[in-house]
Each structure stands twice: as structure tokens, then as C-alpha cells.
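So the structure is just underneath, and the comments pick up after that.
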Amino acid sequence: MTPKQIISTLQPFVSEHRQALIERISRERTRHITLAFEDIDKPHNISAVLRTAECLGIQDLHFIKNKNEYRVNPDITKGAAKWLTFHHHNGSASGVENIEHGLKYLRDNGYQVFATAVEDNAQSIYEIPTDKKTVIVFGTEGTGISDETKARVDGLVTIPMKGFTESFNLSVSAAIILTVLLSQKKESWFVSGEEREALIAEWYRRSVREADKILALKR
């Protein structure tokens, strides 16, 4: 079924309040900025990032998984995961191949790729140009991004620190970075047209209990 047909079929099962909410939020969603996570080892912090990203209007999150498996913590995300689109890059037993696949996918979709790092040659997040679609890659809180990822990104970024502590934790770092990048947002960043219609259709599916059974009856 087309997104338009899905919306039409499920609309009677979606409250007017939820319809209005989906309509409004879909107009403020962006794929111009996204985040990727390499082998994250503290899933509760990622769940906090999901909640922040969803609240700020980010639609896509990417996971490059080599050893560690991420599972959503519903007590932390407060339902945010339901409205996001996850992309998993873990098809190979080789960590390097997963990294290469994930970064290639992002570049093929028009993204410039930066990774967070506490290094002297890292650019301030306030200096990152956002005229192109932009993804920021985060590594583990203990060791950061891998050398393999570091060698394959377009540049390194950091948050300027004013205190003795050298870094924020993952969820705070993501919140600051997203806030800085989204402060530059333009109308062209928001999803529109067929892309927005497909997003609305997916949100209707996730809003209606047994949506797939209802849709199957219409086929």
C-alpha cells in the first residue's frame, strides 16, 4: 500500500488530537542532522540521547555495532523510540567492515561525517558548517571512537571546555551538539512532500493497535 492509502485506512482509528499532533510534528522533523553511535557500551546513556533527539526533531539515528548490542530502555526514553527511525550497520563479523558500511551509507545519502574526539586537532562544534547534511559519530564513553573510524571521517569535532574536567558524558554531549547544530536550521532542512507523507504513514501504523491486521484487510 502507498503511504497515502495507509493514512486513509488508519485515519479513523487515530484520534483527532493525535492526528493534529502528528501533522504538526511532521512539519518540524529533520534528517539534515543525524547522529551515529559506534559500539556504545552504556545503553542507558543512549536511551537518554534518543529522548533528547526526538524532542529536538531529529528523525534518524544510526548504530554501528561491532561487539556491543543496544536495547532501548523504555523507562528512560519515555516512548521516544516509537517515533524515531533506527538504522543498524552490523551485517559483518568484522568491525572494520561495519564501520565502512555505515559511513558509506551515510555518504551515499549526502552526509558529511564528523566524529567526536578530545584532541587538539578537533574543530569546535561551533565551527562546523551545516550547509550540507551532517552526521556526528559518537564512540564509547571510555575510549571514544575507534582508530578505524577516526581514519575514515571527514573531521573531528569537540565541545570547548571551560573547566578542569575534559569532557561531558554522552547524553549531555549529544544534547549540546544537537542544540548548536539545530540553531542554524533552515526551512529546507525539514522533511517534506512524499518523504513527509511516508513518515506520517509510519507514525499512524505505530499509533494504531493491530495496524498491520487492519491494513491487510484492505489489500
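Ligands are numbered from 1 in the order shown, residues from 1 within each chain, and chains are lettered A, B, ... in the order they appear in the C-alpha cells.
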
message: Based on the backbone DSSP call, show me all residues of segment 11-159 of chain A assigned strand (DSSP E or B), as a ChimeraX atom specification.
response: /A:30,33-38,58,60-64,85-89,111-116,123-124,133-138,140,144,155-158

Would you list the contacts of segment 109-124 of chain A as a PDB file with N, CA, C and O atoms, in the first residue's frame, taking every protein, DNA or RNA residue within 7 Å and counting only C-alpha atoms, but skipping same-chain residues closer than 2 positions in sequence?
```
ATOM      1  N   TYR A 105      27.119   4.273   3.706  1.00  0.00           N
ATOM      2  CA  TYR A 105      25.674   4.509   3.626  1.00  0.00           C
ATOM      3  C   TYR A 105      25.368   5.977   3.865  1.00  0.00           C
ATOM      4  O   TYR A 105      24.570   6.596   3.137  1.00  0.00           O
ATOM      5  N   LEU A 106      25.986   6.556   4.879  1.00  0.00           N
ATOM      6  CA  LEU A 106      25.739   7.964   5.201  1.00  0.00           C
ATOM      7  C   LEU A 106      26.226   8.878   4.079  1.00  0.00           C
ATOM      8  O   LEU A 106      25.520   9.801   3.667  1.00  0.00           O
ATOM      9  N   ARG A 107      27.407   8.614   3.561  1.00  0.00           N
ATOM     10  CA  ARG A 107      27.936   9.461   2.480  1.00  0.00           C
ATOM     11  C   ARG A 107      27.096   9.306   1.211  1.00  0.00           C
ATOM     12  O   ARG A 107      26.853  10.293   0.503  1.00  0.00           O
ATOM     13  N   TYR A 126      31.100  24.636  17.230  1.00  0.00           N
ATOM     14  CA  TYR A 126      30.560  25.924  16.784  1.00  0.00           C
ATOM     15  C   TYR A 126      31.100  26.335  15.416  1.00  0.00           C
ATOM     16  O   TYR A 126      30.584  27.272  14.810  1.00  0.00           O
ATOM     17  N   GLU A 127      32.112  25.630  14.928  1.00  0.00           N
ATOM     18  CA  GLU A 127      32.729  25.970  13.638  1.00  0.00           C
ATOM     19  C   GLU A 127      32.316  25.029  12.517  1.00  0.00           C
ATOM     20  O   GLU A 127      32.717  25.220  11.368  1.00  0.00           O
ATOM     21  N   LYS A 132      25.715  21.389   4.253  1.00  0.00           N
ATOM     22  CA  LYS A 132      25.481  20.017   3.810  1.00  0.00           C
ATOM     23  C   LYS A 132      24.857  19.223   4.957  1.00  0.00           C
ATOM     24  O   LYS A 132      24.996  19.580   6.127  1.00  0.00           O
ATOM     25  N   LYS A 133      24.174  18.138   4.597  1.00  0.00           N
ATOM     26  CA  LYS A 133      23.662  17.231   5.623  1.00  0.00           C
ATOM     27  C   LYS A 133      24.838  16.758   6.486  1.00  0.00           C
ATOM     28  O   LYS A 133      25.931  16.490   5.960  1.00  0.00           O
ATOM     29  N   THR A 134      24.621  16.647   7.779  1.00  0.00           N
ATOM     30  CA  THR A 134      25.727  16.413   8.704  1.00  0.00           C
ATOM     31  C   THR A 134      25.393  15.306   9.693  1.00  0.00           C
ATOM     32  O   THR A 134      24.302  15.286  10.266  1.00  0.00           O
ATOM     33  N   VAL A 135      26.348  14.393   9.884  1.00  0.00           N
ATOM     34  CA  VAL A 135      26.210  13.364  10.906  1.00  0.00           C
ATOM     35  C   VAL A 135      27.400  13.480  11.861  1.00  0.00           C
ATOM     36  O   VAL A 135      28.534  13.716  11.435  1.00  0.00           O
ATOM     37  N   ILE A 136      27.101  13.335  13.156  1.00  0.00           N
ATOM     38  CA  ILE A 136      28.139  13.324  14.174  1.00  0.00           C
ATOM     39  C   ILE A 136      28.199  11.915  14.750  1.00  0.00           C
ATOM     40  O   ILE A 136      27.190  11.376  15.202  1.00  0.00           O
ATOM     41  N   VAL A 137      29.401  11.320  14.739  1.00  0.00           N
ATOM     42  CA  VAL A 137      29.593   9.961  15.240  1.00  0.00           C
ATOM     43  C   VAL A 137      30.151  10.017  16.661  1.00  0.00           C
ATOM     44  O   VAL A 137      31.133  10.721  16.924  1.00  0.00           O
ATOM     45  N   PHE A 138      29.520   9.274  17.565  1.00  0.00           N
ATOM     46  CA  PHE A 138      29.989   9.156  18.944  1.00  0.00           C
ATOM     47  C   PHE A 138      30.548   7.759  19.176  1.00  0.00           C
ATOM     48  O   PHE A 138      30.002   6.769  18.683  1.00  0.00           O
ATOM     49  N   GLY A 144      36.204   6.419  23.397  1.00  0.00           N
ATOM     50  CA  GLY A 144      35.852   7.242  22.242  1.00  0.00           C
ATOM     51  C   GLY A 144      35.736   6.432  20.974  1.00  0.00           C
ATOM     52  O   GLY A 144      35.585   5.213  20.996  1.00  0.00           O
ATOM     53  N   VAL A 153      36.582   9.422   8.803  1.00  0.00           N
ATOM     54  CA  VAL A 153      35.640  10.541   8.862  1.00  0.00           C
ATOM     55  C   VAL A 153      36.226  11.771   8.177  1.00  0.00           C
ATOM     56  O   VAL A 153      37.421  11.844   7.883  1.00  0.00           O
ATOM     57  N   ASP A 154      35.363  12.770   7.937  1.00  0.00           N
ATOM     58  CA  ASP A 154      35.805  13.998   7.281  1.00  0.00           C
ATOM     59  C   ASP A 154      36.491  14.959   8.246  1.00  0.00           C
ATOM     60  O   ASP A 154      37.182  15.878   7.813  1.00  0.00           O
ATOM     61  N   GLY A 155      36.276  14.752   9.535  1.00  0.00           N
ATOM     62  CA  GLY A 155      36.904  15.625  10.515  1.00  0.00           C
ATOM     63  C   GLY A 155      36.479  15.251  11.922  1.00  0.00           C
ATOM     64  O   GLY A 155      35.553  14.472  12.128  1.00  0.00           O
ATOM     65  N   LEU A 156      37.184  15.807  12.900  1.00  0.00           N
ATOM     66  CA  LEU A 156      36.883  15.571  14.303  1.00  0.00           C
ATOM     67  C   LEU A 156      36.298  16.834  14.917  1.00  0.00           C
ATOM     68  O   LEU A 156      36.688  17.946  14.555  1.00  0.00           O
ATOM     69  N   VAL A 157      35.359  16.660  15.841  1.00  0.00           N
ATOM     70  CA  VAL A 157      34.742  17.820  16.497  1.00  0.00           C
ATOM     71  C   VAL A 157      34.815  17.654  18.008  1.00  0.00           C
ATOM     72  O   VAL A 157      34.862  16.531  18.528  1.00  0.00           O
ATOM     73  N   THR A 158      34.801  18.774  18.694  1.00  0.00           N
ATOM     74  CA  THR A 158      34.820  18.752  20.144  1.00  0.00           C
ATOM     75  C   THR A 158      33.972  19.899  20.679  1.00  0.00           C
ATOM     76  O   THR A 158      33.677  20.853  19.947  1.00  0.00           O
ATOM     77  N   ILE A 159      33.570  19.786  21.924  1.00  0.00           N
ATOM     78  CA  ILE A 159      32.864  20.866  22.605  1.00  0.00           C
ATOM     79  C   ILE A 159      33.890  21.617  23.444  1.00  0.00           C
ATOM     80  O   ILE A 159      34.539  21.013  24.306  1.00  0.00           O
ATOM     81  N   PRO A 160      34.087  22.900  23.217  1.00  0.00           N
ATOM     82  CA  PRO A 160      35.069  23.652  24.011  1.00  0.00           C
ATOM     83  C   PRO A 160      34.737  23.558  25.502  1.00  0.00           C
ATOM     84  O   PRO A 160      33.594  23.758  25.910  1.00  0.00           O
TER      85      PRO A 160
END
```

query: Taking only C-alpha atoms into account, which of A:Gln11, A:Thr165, A:Asn98, A:Ser47 comes nearest Ser207 of chain A?
result: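 Closest to Ser207 of chain A of all the choices is A:Gln11.
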
- prompt: What is the distance, in Å and to one decimal place, between atom CA of Ser173 of chain A and atom CA of Ser188 of chain A?
  reply: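 Between atom CA of Ser173 of chain A and atom CA of Ser188 of chain A the gap works out to 25.6 Å.
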
- prompt: Given the choices A:Leu61, A:Leu182, A:Ile125, A:Ile40, which gets closest to Gly142 of chain A if the distance is worked out from only C-alpha atoms?
  reply: A:Ile40

message: I need the residues of segment 33-176 of chain A that end up classed as helix (DSSP H, G or I) by DSSP on the backbone, written out as an NGL selection string.
response: :A and (43-55 or 74-77 or 80-83 or 95-108 or 125-127 or 147-150 or 170-176)

The selected residues should be written to file as a short mmCIF file (atom, residue, chain, number, x, y, z; two decimals), in the first residue's frame (atoms: N, CA and C atoms).
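Output file again18.cif is given in full below:
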```
data_model
loop_
_atom_site.label_atom_id
_atom_site.label_comp_id
_atom_site.auth_asym_id
_atom_site.auth_seq_id
_atom_site.Cartn_x
_atom_site.Cartn_y
_atom_site.Cartn_z
N PRO A 43 24.15 1.48 27.47
CA PRO A 43 22.87 1.67 26.79
C PRO A 43 21.93 2.66 27.46
N HIS A 44 22.03 2.83 28.78
CA HIS A 44 21.13 3.79 29.43
C HIS A 44 21.41 5.21 28.97
N ASN A 45 22.69 5.51 28.67
CA ASN A 45 23.01 6.85 28.18
C ASN A 45 22.50 7.07 26.76
N ILE A 46 22.54 6.03 25.93
CA ILE A 46 21.99 6.13 24.58
C ILE A 46 20.49 6.35 24.64
N SER A 47 19.82 5.68 25.56
CA SER A 47 18.38 5.87 25.69
C SER A 47 18.05 7.32 26.04
N ALA A 48 18.90 7.95 26.84
CA ALA A 48 18.71 9.36 27.16
C ALA A 48 18.91 10.22 25.92
N VAL A 49 19.87 9.84 25.08
CA VAL A 49 20.11 10.58 23.83
C VAL A 49 18.90 10.47 22.91
N LEU A 50 18.31 9.28 22.83
CA LEU A 50 17.12 9.08 21.99
C LEU A 50 16.02 10.06 22.38
N ARG A 51 15.80 10.17 23.65
CA ARG A 51 14.75 11.06 24.14
C ARG A 51 15.04 12.51 23.76
N THR A 52 16.30 12.92 23.93
CA THR A 52 16.70 14.29 23.58
C THR A 52 16.55 14.54 22.08
N ALA A 53 17.05 13.58 21.28
CA ALA A 53 17.00 13.75 19.82
C ALA A 53 15.57 13.87 19.33
N GLU A 54 14.68 13.03 19.85
CA GLU A 54 13.28 13.06 19.42
C GLU A 54 12.64 14.40 19.80
N CYS A 55 12.92 14.86 21.01
CA CYS A 55 12.35 16.13 21.46
C CYS A 55 12.83 17.31 20.60
N PRO A 74 12.89 1.59 27.94
CA PRO A 74 11.66 2.38 27.86
C PRO A 74 11.46 3.31 29.06
N ASP A 75 12.06 2.97 30.20
CA ASP A 75 11.92 3.85 31.38
C ASP A 75 12.64 5.17 31.18
N ILE A 76 13.66 5.16 30.33
CA ILE A 76 14.44 6.38 30.08
C ILE A 76 13.94 7.11 28.84
N THR A 77 13.62 6.36 27.78
CA THR A 77 13.22 7.01 26.53
C THR A 77 11.83 7.63 26.61
N ALA A 80 10.05 7.74 23.32
CA ALA A 80 10.66 8.45 22.20
C ALA A 80 11.01 7.52 21.05
N ALA A 81 11.46 6.30 21.36
CA ALA A 81 11.90 5.37 20.32
C ALA A 81 10.80 5.05 19.33
N LYS A 82 9.56 5.14 19.77
CA LYS A 82 8.41 4.81 18.92
C LYS A 82 8.34 5.72 17.70
N TRP A 83 8.88 6.92 17.80
CA TRP A 83 8.73 7.91 16.74
C TRP A 83 9.99 8.12 15.92
N GLY A 95 34.47 -5.68 12.53
CA GLY A 95 34.16 -4.32 12.96
C GLY A 95 34.48 -3.29 11.90
N VAL A 96 35.60 -3.46 11.20
CA VAL A 96 36.01 -2.51 10.18
C VAL A 96 34.99 -2.48 9.04
N GLU A 97 34.49 -3.64 8.64
CA GLU A 97 33.50 -3.69 7.56
C GLU A 97 32.21 -3.00 7.98
N ASN A 98 31.81 -3.15 9.23
CA ASN A 98 30.61 -2.47 9.72
C ASN A 98 30.80 -0.96 9.69
N ILE A 99 31.97 -0.51 10.09
CA ILE A 99 32.29 0.92 10.05
C ILE A 99 32.23 1.42 8.62
N GLU A 100 32.88 0.70 7.71
CA GLU A 100 32.91 1.12 6.30
C GLU A 100 31.51 1.13 5.71
N HIS A 101 30.70 0.13 6.04
CA HIS A 101 29.33 0.08 5.52
C HIS A 101 28.52 1.25 6.04
N GLY A 102 28.62 1.51 7.35
CA GLY A 102 27.85 2.60 7.94
C GLY A 102 28.22 3.96 7.37
N LEU A 103 29.50 4.23 7.27
CA LEU A 103 29.94 5.53 6.76
C LEU A 103 29.65 5.67 5.27
N LYS A 104 29.78 4.57 4.51
CA LYS A 104 29.43 4.63 3.09
C LYS A 104 27.95 4.93 2.91
N TYR A 105 27.12 4.27 3.71
CA TYR A 105 25.67 4.51 3.63
C TYR A 105 25.37 5.98 3.87
N LEU A 106 25.99 6.56 4.88
CA LEU A 106 25.74 7.96 5.20
C LEU A 106 26.23 8.88 4.08
N ARG A 107 27.41 8.61 3.56
CA ARG A 107 27.94 9.46 2.48
C ARG A 107 27.10 9.31 1.21
N ASP A 108 26.67 8.09 0.93
CA ASP A 108 25.82 7.88 -0.25
C ASP A 108 24.50 8.63 -0.14
N ILE A 125 32.63 22.49 17.80
CA ILE A 125 31.32 22.22 17.21
C ILE A 125 30.69 23.51 16.69
N TYR A 126 31.10 24.64 17.23
CA TYR A 126 30.56 25.92 16.78
C TYR A 126 31.10 26.34 15.42
N GLU A 127 32.11 25.63 14.93
CA GLU A 127 32.73 25.97 13.64
C GLU A 127 32.32 25.03 12.52
N ASP A 147 40.15 3.89 16.12
CA ASP A 147 41.11 4.44 15.15
C ASP A 147 40.61 4.23 13.73
N GLU A 148 39.90 3.11 13.50
CA GLU A 148 39.38 2.83 12.16
C GLU A 148 38.37 3.89 11.73
N THR A 149 37.50 4.28 12.66
CA THR A 149 36.53 5.34 12.35
C THR A 149 37.23 6.67 12.19
N LYS A 150 38.16 6.95 13.07
CA LYS A 150 38.88 8.23 13.04
C LYS A 150 39.56 8.43 11.69
N LEU A 170 28.01 11.23 27.56
CA LEU A 170 27.47 11.07 26.22
C LEU A 170 26.16 11.83 26.01
N SER A 171 25.22 11.66 26.91
CA SER A 171 23.90 12.26 26.71
C SER A 171 23.97 13.79 26.73
N VAL A 172 24.80 14.33 27.61
CA VAL A 172 24.94 15.79 27.66
C VAL A 172 25.66 16.29 26.41
N SER A 173 26.70 15.59 25.98
CA SER A 173 27.42 15.98 24.77
C SER A 173 26.50 16.02 23.56
N ALA A 174 25.68 14.97 23.42
CA ALA A 174 24.75 14.91 22.29
C ALA A 174 23.75 16.06 22.34
N ALA A 175 23.26 16.38 23.53
CA ALA A 175 22.29 17.47 23.67
C ALA A 175 22.91 18.80 23.27
N ILE A 176 24.14 19.05 23.70
CA ILE A 176 24.81 20.31 23.36
C ILE A 176 25.07 20.39 21.86
#
```

field: Selection near Tyr204 of chain A, 9 Å with only C-alpha atoms, sequence-local residues under 3 positions removed, as a list in words
entry: Ile6, Ile7, Leu10, Gln11, Phe13, Val14, Gln19, Ile22, Leu199, Ile200, Ala201, Ser207, Val208 and Ala211 of chain A

Include N, CA, C and O atoms and write out the residues we just selected as a PDB file, in the first residue's frame.
```
ATOM      1  N   ILE A   6      -2.287   4.050   3.309  1.00  0.00           N
ATOM      2  CA  ILE A   6      -2.127   3.671   4.716  1.00  0.00           C
ATOM      3  C   ILE A   6      -2.759   4.719   5.618  1.00  0.00           C
ATOM      4  O   ILE A   6      -3.509   4.406   6.551  1.00  0.00           O
ATOM      5  N   ILE A   7      -2.480   5.987   5.329  1.00  0.00           N
ATOM      6  CA  ILE A   7      -3.044   7.083   6.122  1.00  0.00           C
ATOM      7  C   ILE A   7      -4.561   7.061   6.055  1.00  0.00           C
ATOM      8  O   ILE A   7      -5.256   7.172   7.078  1.00  0.00           O
ATOM      9  N   LEU A  10      -6.018   4.028   8.089  1.00  0.00           N
ATOM     10  CA  LEU A  10      -5.838   4.046   9.543  1.00  0.00           C
ATOM     11  C   LEU A  10      -6.397   5.300  10.210  1.00  0.00           C
ATOM     12  O   LEU A  10      -6.582   5.319  11.435  1.00  0.00           O
ATOM     13  N   GLN A  11      -6.678   6.314   9.425  1.00  0.00           N
ATOM     14  CA  GLN A  11      -7.120   7.595   9.996  1.00  0.00           C
ATOM     15  C   GLN A  11      -8.326   7.462  10.933  1.00  0.00           C
ATOM     16  O   GLN A  11      -8.368   8.101  11.993  1.00  0.00           O
ATOM     17  N   PHE A  13      -8.973   5.304  12.998  1.00  0.00           N
ATOM     18  CA  PHE A  13      -8.558   4.700  14.263  1.00  0.00           C
ATOM     19  C   PHE A  13      -7.613   5.606  15.063  1.00  0.00           C
ATOM     20  O   PHE A  13      -7.154   5.227  16.141  1.00  0.00           O
ATOM     21  N   VAL A  14      -7.307   6.772  14.518  1.00  0.00           N
ATOM     22  CA  VAL A  14      -6.395   7.715  15.173  1.00  0.00           C
ATOM     23  C   VAL A  14      -7.214   8.904  15.668  1.00  0.00           C
ATOM     24  O   VAL A  14      -7.970   9.503  14.898  1.00  0.00           O
ATOM     25  N   GLN A  19      -3.977  12.984  15.418  1.00  0.00           N
ATOM     26  CA  GLN A  19      -3.802  13.399  14.022  1.00  0.00           C
ATOM     27  C   GLN A  19      -3.185  14.797  13.941  1.00  0.00           C
ATOM     28  O   GLN A  19      -2.264  15.038  13.155  1.00  0.00           O
ATOM     29  N   ILE A  22       0.513  14.675  15.043  1.00  0.00           N
ATOM     30  CA  ILE A  22       1.361  14.099  14.001  1.00  0.00           C
ATOM     31  C   ILE A  22       1.560  15.094  12.859  1.00  0.00           C
ATOM     32  O   ILE A  22       2.668  15.254  12.337  1.00  0.00           O
ATOM     33  N   LEU A 199       6.484   9.324   6.373  1.00  0.00           N
ATOM     34  CA  LEU A 199       6.710   9.401   7.808  1.00  0.00           C
ATOM     35  C   LEU A 199       5.381   9.409   8.569  1.00  0.00           C
ATOM     36  O   LEU A 199       5.220   8.702   9.575  1.00  0.00           O
ATOM     37  N   ILE A 200       4.435  10.184   8.088  1.00  0.00           N
ATOM     38  CA  ILE A 200       3.114  10.223   8.714  1.00  0.00           C
ATOM     39  C   ILE A 200       2.465   8.838   8.674  1.00  0.00           C
ATOM     40  O   ILE A 200       1.877   8.379   9.663  1.00  0.00           O
ATOM     41  N   ALA A 201       2.583   8.152   7.537  1.00  0.00           N
ATOM     42  CA  ALA A 201       2.007   6.810   7.407  1.00  0.00           C
ATOM     43  C   ALA A 201       2.614   5.861   8.434  1.00  0.00           C
ATOM     44  O   ALA A 201       1.901   5.058   9.059  1.00  0.00           O
ATOM     45  N   SER A 207       0.753   4.104  15.830  1.00  0.00           N
ATOM     46  CA  SER A 207      -0.255   4.643  16.740  1.00  0.00           C
ATOM     47  C   SER A 207      -1.463   3.730  16.901  1.00  0.00           C
ATOM     48  O   SER A 207      -2.194   3.839  17.890  1.00  0.00           O
ATOM     49  N   VAL A 208      -1.690   2.866  15.929  1.00  0.00           N
ATOM     50  CA  VAL A 208      -2.906   2.050  15.906  1.00  0.00           C
ATOM     51  C   VAL A 208      -2.586   0.611  16.293  1.00  0.00           C
ATOM     52  O   VAL A 208      -1.727  -0.027  15.676  1.00  0.00           O
ATOM     53  N   ALA A 211      -2.410  -2.475  13.637  1.00  0.00           N
ATOM     54  CA  ALA A 211      -2.485  -1.740  12.369  1.00  0.00           C
ATOM     55  C   ALA A 211      -2.251  -2.643  11.170  1.00  0.00           C
ATOM     56  O   ALA A 211      -2.936  -2.519  10.142  1.00  0.00           O
TER      57      ALA A 211
END
```

field: Option closest in space to Leu35 of chain A, from A:Val180, A:Ile214, A:Val191, A:Ile58 [counting only C-alpha atoms]
entry: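 Once distances to Leu35 of chain A are computed over only C-alpha atoms, the minimum belongs to A:Ile58.
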